[in-house]
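For reference, the structure is listed below as structure tokens.
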Amino acid sequence: MRKISAARQSWLILLGVFLLMWALNALCYRFYGDDYLYSFVWEGHAMSVPLSEHARRIQSFGDIFYSLKLHYMTWGGRMVAHFFAMLFLWVGKGWFDVVNAGMVVLLLLAMQWIARGGQFTIRLSPFITALSFFCIWTFNINFGGTLLWVAGSCNYLWTSVFLLLFLIPYVRHYLTDGQANYPSWFGPLWLVMGMLAGNSNENTICWIGLSGGIYLLYAWKRKTLSAWMLWGFIGLGIGYFALMLAPGNVVRLHEDYGIHRPFVYMDEKHLGLLWMALIIQSLMWFYLFKVWRRREMLRRGGVDRKYFCLAAWFAVIGLLFTLIMLFSPIFPGRSVFPQLVFLAISVLLISAQGEVHHTSVLQKSAFRFLYGMAVLYMVVTGTVNLVVYSRQHQYMQAIWERSESLRGKGQVLVISSPPPASDDWWMFMSGMHVVEMNLSNDDGNWKNVAFARYFGLKGVHVTYPVKEEK
């Protein structure tokens with residue numbers, strides 16, 4: 001029997017990832033709140049203010065651009081992410097389900113391309129491919145909010161992909177001492193890629209820009225600075241300043257949080273989320289600690305010192321992504337996603353080099369035990385997720401059918417049964433992937449109103465007790 005090549009095994013794994021993520025995306029309806037609100041042309045007020053009776057659904061590209069303009073002036077500067085969110089909420093979630101599953105695959109490819117020295121290649125490692133998905137699946141404290149939710153995926157998954165693709169040639173430049181060559185048209189292309197990457201998340205690009213500026217100065221002193229590097233950095237700056245200088249940022253802070261705010265938020269919610277993220281990621285941090293302890297052995301085995309420096313940069317800069325959130329009034333779990341990606345890349349960089357040079361960080365017995373546990377974990381949580389999301393799909397489908405039947409009749413939709421599989425036991429068994437699917441007991445809440453406006457209902461009334469967000 002002919003043996004399947006390593007590259008083909010890798011692509012089969014990526015196909016499996018695509019199909020799994022496509023299935024989970026397809027089982028998810030729009031998430032209450034943002035996915036309904038962003039289906040309408042932005043009305044020029046805070047998100048928490050309910051939509052007016054004259055709210056207009058997005059029906060064209062013109063509506064999208066007009067909505068983005070109002071959004072930029074009154075709420076925030078994330079134009080790239082919200083363009084895609086509005087686009088898919090307009091054209092249909094079925095398109096999003098396919099493309100978003102593809103973006104997960106592209107994320108894994110970008111992570112592996114960086115781990116393999118910044119090379120765009122189809123020759124992949126099955127182990128590194130599987131490990132990259134395992135990290136994103138297992139250590140993500142807000143799985144649904146970053147990989148399934150339309151608005152959340154566009155804000156965190158998609159922007160992380162743009163950022164990693166932007167960084168790949170810089171990684172290649174560093175590891176080859178500036179010997180990597182690119183054609184003349186690459187500069188303008190990387191200007192555009194820099195703009196896409198720069199207009200992503202406020203807590204990431206500040207650190208990328210700072211360390212990127214230092215690296216450009218380092219390359220200039222070593223006389224390895226290329227024009228495309230400047231093009232890309234200029235694009236990154238354009239995207240970042242467009243993000244940060246949006247008038248809506250000031251309006252949002254003033255309306256939602258007032259003028260007098262603490263400089264650093266050391267409250268229970270901020271610190272609790274930070275510690276939870278670090279605890280869940282502890283296995284990856286333990287691996288990097290072992291790498292540091294055995295760095296001399298790995299270097300004697302052939303691992304170049306530059307890979308240790310690069311792995312340290314990804315781990316530290318990713319940690320800074322999270323720590324800067326202590327300066328923000330709100331710190332949702334999804335904000336940790338870019339840090340998770342960078343920490344996973346740090347692990348992959350050393351793991352890939354260990355595979356190339358046949359130098360393992362872990363002892364064989366420990367590796368075999370962890371490998372077996374990882375396979376068991378993926379089988380259990382993967383199965384539970386498909387079951388949970390299937391049940392929630394049936395629940396939401398019934399609500400949609402009832403809502404459609406009441407469209408335009410001036411009636412109130414009453415939801416009397418809570419969503420299935422939303423208790424702590426299911427949350428644990430799913431690997432923290434279960435999504436809360438609740439509206440509010442307050443009929444005037446912005447989420448309830450957005451859902452009612454979407455179906456042309458008089459209102460939505462939830463009769464079972466719902467834990468309100470603080």
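Each chain in the structure tokens gets a letter, A, B, ..., in the order shown, and its residues are numbered from 1; ligands are numbered from 1 in order too.
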Find the residues around Ile13 (chain A) up to 12 Å (only C-alpha atoms counted), leave out those fewer than 6 positions away in its own chain, and share them as a list in words. Ala6, Ala7, Leu19, Leu20, Val105, Leu108, Leu109, Leu124, Ser125, Pro126, Phe127, Ile128, Thr129, Ala130, Leu131, Ser132, Phe133 and Phe134 of chain A
Could you please take those selected residues and save N, CA and C atoms as an mmCIF file, in the first residue's frame?
data_model
loop_
_atom_site.group_PDB
_atom_site.id
_atom_site.type_symbol
_atom_site.label_atom_id
_atom_site.label_comp_id
_atom_site.auth_asym_id
_atom_site.auth_seq_id
_atom_site.Cartn_x
_atom_site.Cartn_y
_atom_site.Cartn_z
ATOM 1 N N ALA A 6 3.853 13.333 3.706
ATOM 2 C CA ALA A 6 3.620 14.252 4.822
ATOM 3 C C ALA A 6 2.804 15.459 4.372
ATOM 4 N N ALA A 7 3.125 16.013 3.205
ATOM 5 C CA ALA A 7 2.388 17.176 2.703
ATOM 6 C C ALA A 7 0.925 16.834 2.474
ATOM 7 N N LEU A 19 -13.933 21.259 7.125
ATOM 8 C CA LEU A 19 -15.260 20.652 7.203
ATOM 9 C C LEU A 19 -15.864 20.797 8.602
ATOM 10 N N LEU A 20 -15.029 20.623 9.648
ATOM 11 C CA LEU A 20 -15.516 20.772 11.021
ATOM 12 C C LEU A 20 -15.983 22.205 11.272
ATOM 13 N N VAL A 105 -8.604 27.914 8.150
ATOM 14 C CA VAL A 105 -7.532 27.168 7.471
ATOM 15 C C VAL A 105 -6.391 28.104 7.097
ATOM 16 N N LEU A 108 -4.245 28.839 10.082
ATOM 17 C CA LEU A 108 -3.324 27.747 10.391
ATOM 18 C C LEU A 108 -2.159 27.721 9.411
ATOM 19 N N LEU A 109 -2.435 28.005 8.136
ATOM 20 C CA LEU A 109 -1.361 28.071 7.149
ATOM 21 C C LEU A 109 -0.398 29.197 7.468
ATOM 22 N N LEU A 124 4.023 21.021 3.984
ATOM 23 C CA LEU A 124 3.683 21.238 5.378
ATOM 24 C C LEU A 124 3.987 20.004 6.213
ATOM 25 N N SER A 125 4.025 20.213 7.519
ATOM 26 C CA SER A 125 4.241 19.121 8.464
ATOM 27 C C SER A 125 2.913 18.710 9.085
ATOM 28 N N PRO A 126 2.547 17.429 9.022
ATOM 29 C CA PRO A 126 1.282 16.993 9.636
ATOM 30 C C PRO A 126 1.214 17.316 11.124
ATOM 31 N N PHE A 127 2.315 17.108 11.820
ATOM 32 C CA PHE A 127 2.329 17.354 13.264
ATOM 33 C C PHE A 127 2.135 18.834 13.573
ATOM 34 N N ILE A 128 2.849 19.708 12.887
ATOM 35 C CA ILE A 128 2.727 21.136 13.144
ATOM 36 C C ILE A 128 1.346 21.639 12.725
ATOM 37 N N THR A 129 0.819 21.096 11.643
ATOM 38 C CA THR A 129 -0.527 21.468 11.210
ATOM 39 C C THR A 129 -1.560 21.104 12.272
ATOM 40 N N ALA A 130 -1.466 19.879 12.771
ATOM 41 C CA ALA A 130 -2.406 19.434 13.808
ATOM 42 C C ALA A 130 -2.209 20.222 15.100
ATOM 43 N N LEU A 131 -0.953 20.495 15.454
ATOM 44 C CA LEU A 131 -0.667 21.225 16.683
ATOM 45 C C LEU A 131 -1.215 22.651 16.623
ATOM 46 N N SER A 132 -1.119 23.282 15.461
ATOM 47 C CA SER A 132 -1.617 24.652 15.336
ATOM 48 C C SER A 132 -3.126 24.694 15.581
ATOM 49 N N PHE A 133 -3.867 23.749 15.019
ATOM 50 C CA PHE A 133 -5.316 23.736 15.244
ATOM 51 C C PHE A 133 -5.637 23.358 16.679
ATOM 52 N N PHE A 134 -4.875 22.436 17.245
ATOM 53 C CA PHE A 134 -5.103 22.045 18.634
ATOM 54 C C PHE A 134 -4.981 23.250 19.565
#
With only C-alpha atoms as the counted atoms, please give the residues lying no more than 9 Å from region 412-428 of chain A, apart from itself and same-chain residues fewer than 4 positions off, as a PDB file with N, CA and C atoms, in the first residue's frame.
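Resulting contents of around_38.pdb:
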ATOM      1  N   VAL A 384     -18.879  16.587  21.286  1.00  0.00           N
ATOM      2  CA  VAL A 384     -19.812  17.348  22.126  1.00  0.00           C
ATOM      3  C   VAL A 384     -20.217  18.643  21.437  1.00  0.00           C
ATOM      4  N   VAL A 388     -23.965  19.775  20.724  1.00  0.00           N
ATOM      5  CA  VAL A 388     -24.492  21.001  21.336  1.00  0.00           C
ATOM      6  C   VAL A 388     -24.995  21.967  20.268  1.00  0.00           C
ATOM      7  N   TYR A 389     -24.182  22.217  19.256  1.00  0.00           N
ATOM      8  CA  TYR A 389     -24.577  23.178  18.235  1.00  0.00           C
ATOM      9  C   TYR A 389     -25.725  22.655  17.373  1.00  0.00           C
ATOM     10  N   ARG A 391     -28.240  20.873  18.624  1.00  0.00           N
ATOM     11  CA  ARG A 391     -29.422  21.140  19.448  1.00  0.00           C
ATOM     12  C   ARG A 391     -29.767  22.623  19.452  1.00  0.00           C
ATOM     13  N   GLN A 392     -28.752  23.465  19.534  1.00  0.00           N
ATOM     14  CA  GLN A 392     -29.007  24.903  19.518  1.00  0.00           C
ATOM     15  C   GLN A 392     -29.513  25.358  18.141  1.00  0.00           C
ATOM     16  N   TYR A 395     -33.168  24.705  18.103  1.00  0.00           N
ATOM     17  CA  TYR A 395     -33.824  25.699  18.961  1.00  0.00           C
ATOM     18  C   TYR A 395     -33.984  27.028  18.220  1.00  0.00           C
ATOM     19  N   MET A 396     -32.891  27.505  17.599  1.00  0.00           N
ATOM     20  CA  MET A 396     -32.947  28.793  16.903  1.00  0.00           C
ATOM     21  C   MET A 396     -33.781  28.708  15.625  1.00  0.00           C
ATOM     22  N   ILE A 399     -37.304  29.336  16.551  1.00  0.00           N
ATOM     23  CA  ILE A 399     -37.542  30.761  16.837  1.00  0.00           C
ATOM     24  C   ILE A 399     -37.606  31.558  15.537  1.00  0.00           C
ATOM     25  N   ARG A 402     -40.985  30.882  13.767  1.00  0.00           N
ATOM     26  CA  ARG A 402     -42.067  31.625  14.426  1.00  0.00           C
ATOM     27  C   ARG A 402     -41.966  33.112  14.124  1.00  0.00           C
ATOM     28  N   SER A 403     -40.745  33.645  14.113  1.00  0.00           N
ATOM     29  CA  SER A 403     -40.553  35.067  13.824  1.00  0.00           C
ATOM     30  C   SER A 403     -40.992  35.395  12.406  1.00  0.00           C
ATOM     31  N   LEU A 406     -44.691  35.665  12.000  1.00  0.00           N
ATOM     32  CA  LEU A 406     -45.300  36.861  12.601  1.00  0.00           C
ATOM     33  C   LEU A 406     -44.872  38.149  11.908  1.00  0.00           C
ATOM     34  N   MET A 432     -15.239  24.711  26.772  1.00  0.00           N
ATOM     35  CA  MET A 432     -15.549  26.149  26.910  1.00  0.00           C
ATOM     36  C   MET A 432     -16.013  26.754  25.585  1.00  0.00           C
ATOM     37  N   HIS A 433     -16.619  25.932  24.721  1.00  0.00           N
ATOM     38  CA  HIS A 433     -17.026  26.402  23.401  1.00  0.00           C
ATOM     39  C   HIS A 433     -18.511  26.722  23.281  1.00  0.00           C
ATOM     40  N   VAL A 434     -19.305  26.355  24.276  1.00  0.00           N
ATOM     41  CA  VAL A 434     -20.741  26.590  24.201  1.00  0.00           C
ATOM     42  C   VAL A 434     -21.018  28.088  24.192  1.00  0.00           C
ATOM     43  N   VAL A 435     -21.954  28.506  23.371  1.00  0.00           N
ATOM     44  CA  VAL A 435     -22.305  29.914  23.226  1.00  0.00           C
ATOM     45  C   VAL A 435     -23.595  30.206  23.981  1.00  0.00           C
ATOM     46  N   GLU A 436     -23.618  31.307  24.733  1.00  0.00           N
ATOM     47  CA  GLU A 436     -24.851  31.742  25.392  1.00  0.00           C
ATOM     48  C   GLU A 436     -25.766  32.368  24.349  1.00  0.00           C
ATOM     49  N   MET A 437     -27.019  31.910  24.288  1.00  0.00           N
ATOM     50  CA  MET A 437     -27.961  32.355  23.252  1.00  0.00           C
ATOM     51  C   MET A 437     -29.189  32.978  23.896  1.00  0.00           C
ATOM     52  N   ASN A 438     -28.978  34.037  24.652  1.00  0.00           N
ATOM     53  CA  ASN A 438     -30.084  34.655  25.371  1.00  0.00           C
ATOM     54  C   ASN A 438     -30.304  36.092  24.937  1.00  0.00           C
ATOM     55  N   ALA A 452     -36.171  42.212  16.956  1.00  0.00           N
ATOM     56  CA  ALA A 452     -37.551  42.508  16.539  1.00  0.00           C
ATOM     57  C   ALA A 452     -37.572  43.287  15.231  1.00  0.00           C
ATOM     58  N   LEU A 457     -41.127  42.733  13.826  1.00  0.00           N
ATOM     59  CA  LEU A 457     -42.032  42.421  14.931  1.00  0.00           C
ATOM     60  C   LEU A 457     -42.274  43.660  15.790  1.00  0.00           C
ATOM     61  N   LYS A 458     -43.362  43.628  16.549  1.00  0.00           N
ATOM     62  CA  LYS A 458     -43.625  44.714  17.484  1.00  0.00           C
ATOM     63  C   LYS A 458     -42.637  44.679  18.640  1.00  0.00           C
ATOM     64  N   GLY A 459     -42.177  43.481  18.996  1.00  0.00           N
ATOM     65  CA  GLY A 459     -41.219  43.333  20.081  1.00  0.00           C
ATOM     66  C   GLY A 459     -40.922  41.869  20.348  1.00  0.00           C
ATOM     67  N   VAL A 460     -39.991  41.626  21.272  1.00  0.00           N
ATOM     68  CA  VAL A 460     -39.638  40.267  21.697  1.00  0.00           C
ATOM     69  C   VAL A 460     -39.687  40.235  23.216  1.00  0.00           C
ATOM     70  N   HIS A 461     -40.401  39.264  23.761  1.00  0.00           N
ATOM     71  CA  HIS A 461     -40.552  39.140  25.213  1.00  0.00           C
ATOM     72  C   HIS A 461     -40.018  37.773  25.653  1.00  0.00           C
ATOM     73  N   VAL A 462     -39.040  37.784  26.559  1.00  0.00           N
ATOM     74  CA  VAL A 462     -38.447  36.556  27.085  1.00  0.00           C
ATOM     75  C   VAL A 462     -39.001  36.316  28.480  1.00  0.00           C
ATOM     76  N   THR A 463     -39.610  35.163  28.699  1.00  0.00           N
ATOM     77  CA  THR A 463     -40.276  34.894  29.980  1.00  0.00           C
ATOM     78  C   THR A 463     -39.395  34.142  30.966  1.00  0.00           C
ATOM     79  N   TYR A 464     -38.409  33.370  30.511  1.00  0.00           N
ATOM     80  CA  TYR A 464     -37.558  32.639  31.454  1.00  0.00           C
ATOM     81  C   TYR A 464     -36.483  33.589  32.005  1.00  0.00           C
ATOM     82  N   PRO A 465     -35.970  33.332  33.212  1.00  0.00           N
ATOM     83  CA  PRO A 465     -34.979  34.250  33.814  1.00  0.00           C
ATOM     84  C   PRO A 465     -33.666  34.229  33.036  1.00  0.00           C
ATOM     85  N   VAL A 466     -33.152  35.421  32.770  1.00  0.00           N
ATOM     86  CA  VAL A 466     -31.894  35.570  32.052  1.00  0.00           C
ATOM     87  C   VAL A 466     -30.939  36.380  32.915  1.00  0.00           C
TER      88      VAL A 466
END
* Asked: Residues at most 8 Å from region 32-41 of chain A, counting only C-alpha atoms, excluding those fewer than 3 positions away in the same chain, as a ChimeraX atom specification?
  -> /A:51,55-58,63-64,66-67,85-86,89-90,149-151,437-439,446-448,450-451,454
Residues within 8 Å of region 297-311 of chain A, please, as a PDB file with N, CA and C atoms, in the first residue's frame. Count only C-alpha atoms; anything in the same chain fewer than 6 positions from it doesn't count.
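Heads up, here's the output in part-v7.pdb:
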ATOM      1  N   LEU A 175      15.183  36.045   9.402  1.00  0.00           N
ATOM      2  CA  LEU A 175      15.840  34.740   9.482  1.00  0.00           C
ATOM      3  C   LEU A 175      16.881  34.527   8.389  1.00  0.00           C
ATOM      4  N   ILE A 345       2.191  30.515  17.920  1.00  0.00           N
ATOM      5  CA  ILE A 345       3.279  30.610  16.946  1.00  0.00           C
ATOM      6  C   ILE A 345       4.625  30.451  17.644  1.00  0.00           C
ATOM      7  N   SER A 346       4.754  31.023  18.839  1.00  0.00           N
ATOM      8  CA  SER A 346       5.986  30.860  19.610  1.00  0.00           C
ATOM      9  C   SER A 346       6.285  29.386  19.867  1.00  0.00           C
ATOM     10  N   VAL A 347       5.251  28.638  20.220  1.00  0.00           N
ATOM     11  CA  VAL A 347       5.402  27.193  20.432  1.00  0.00           C
ATOM     12  C   VAL A 347       5.733  26.485  19.123  1.00  0.00           C
ATOM     13  N   LEU A 349       7.207  27.619  16.431  1.00  0.00           N
ATOM     14  CA  LEU A 349       8.546  27.927  15.925  1.00  0.00           C
ATOM     15  C   LEU A 349       9.577  26.932  16.443  1.00  0.00           C
ATOM     16  N   ILE A 350       9.515  26.658  17.736  1.00  0.00           N
ATOM     17  CA  ILE A 350      10.482  25.720  18.324  1.00  0.00           C
ATOM     18  C   ILE A 350      10.131  24.284  17.971  1.00  0.00           C
ATOM     19  N   GLN A 353      11.258  23.499  14.423  1.00  0.00           N
ATOM     20  CA  GLN A 353      12.713  23.329  14.331  1.00  0.00           C
ATOM     21  C   GLN A 353      13.167  22.039  15.000  1.00  0.00           C
ATOM     22  N   GLY A 354      12.517  21.685  16.094  1.00  0.00           N
ATOM     23  CA  GLY A 354      12.840  20.416  16.744  1.00  0.00           C
ATOM     24  C   GLY A 354      12.545  19.237  15.843  1.00  0.00           C
ATOM     25  N   HIS A 357      15.318  19.162  13.013  1.00  0.00           N
ATOM     26  CA  HIS A 357      16.642  18.730  13.485  1.00  0.00           C
ATOM     27  C   HIS A 357      16.579  17.500  14.382  1.00  0.00           C
ATOM     28  N   HIS A 358      15.390  16.886  14.480  1.00  0.00           N
ATOM     29  CA  HIS A 358      15.211  15.671  15.287  1.00  0.00           C
ATOM     30  C   HIS A 358      15.682  15.888  16.726  1.00  0.00           C
ATOM     31  N   THR A 359      15.320  17.055  17.272  1.00  0.00           N
ATOM     32  CA  THR A 359      15.689  17.411  18.646  1.00  0.00           C
ATOM     33  C   THR A 359      14.415  17.761  19.399  1.00  0.00           C
ATOM     34  N   SER A 360      14.020  16.934  20.331  1.00  0.00           N
ATOM     35  CA  SER A 360      12.748  17.121  21.022  1.00  0.00           C
ATOM     36  C   SER A 360      12.927  17.881  22.326  1.00  0.00           C
ATOM     37  N   VAL A 361      11.998  18.750  22.611  1.00  0.00           N
ATOM     38  CA  VAL A 361      12.013  19.478  23.888  1.00  0.00           C
ATOM     39  C   VAL A 361      11.533  18.579  25.011  1.00  0.00           C
TER      40      VAL A 361
END
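Counting from CA of Phe18 (chain A), the distance to CA of Gly102 (chain A) is 6.2 Å.
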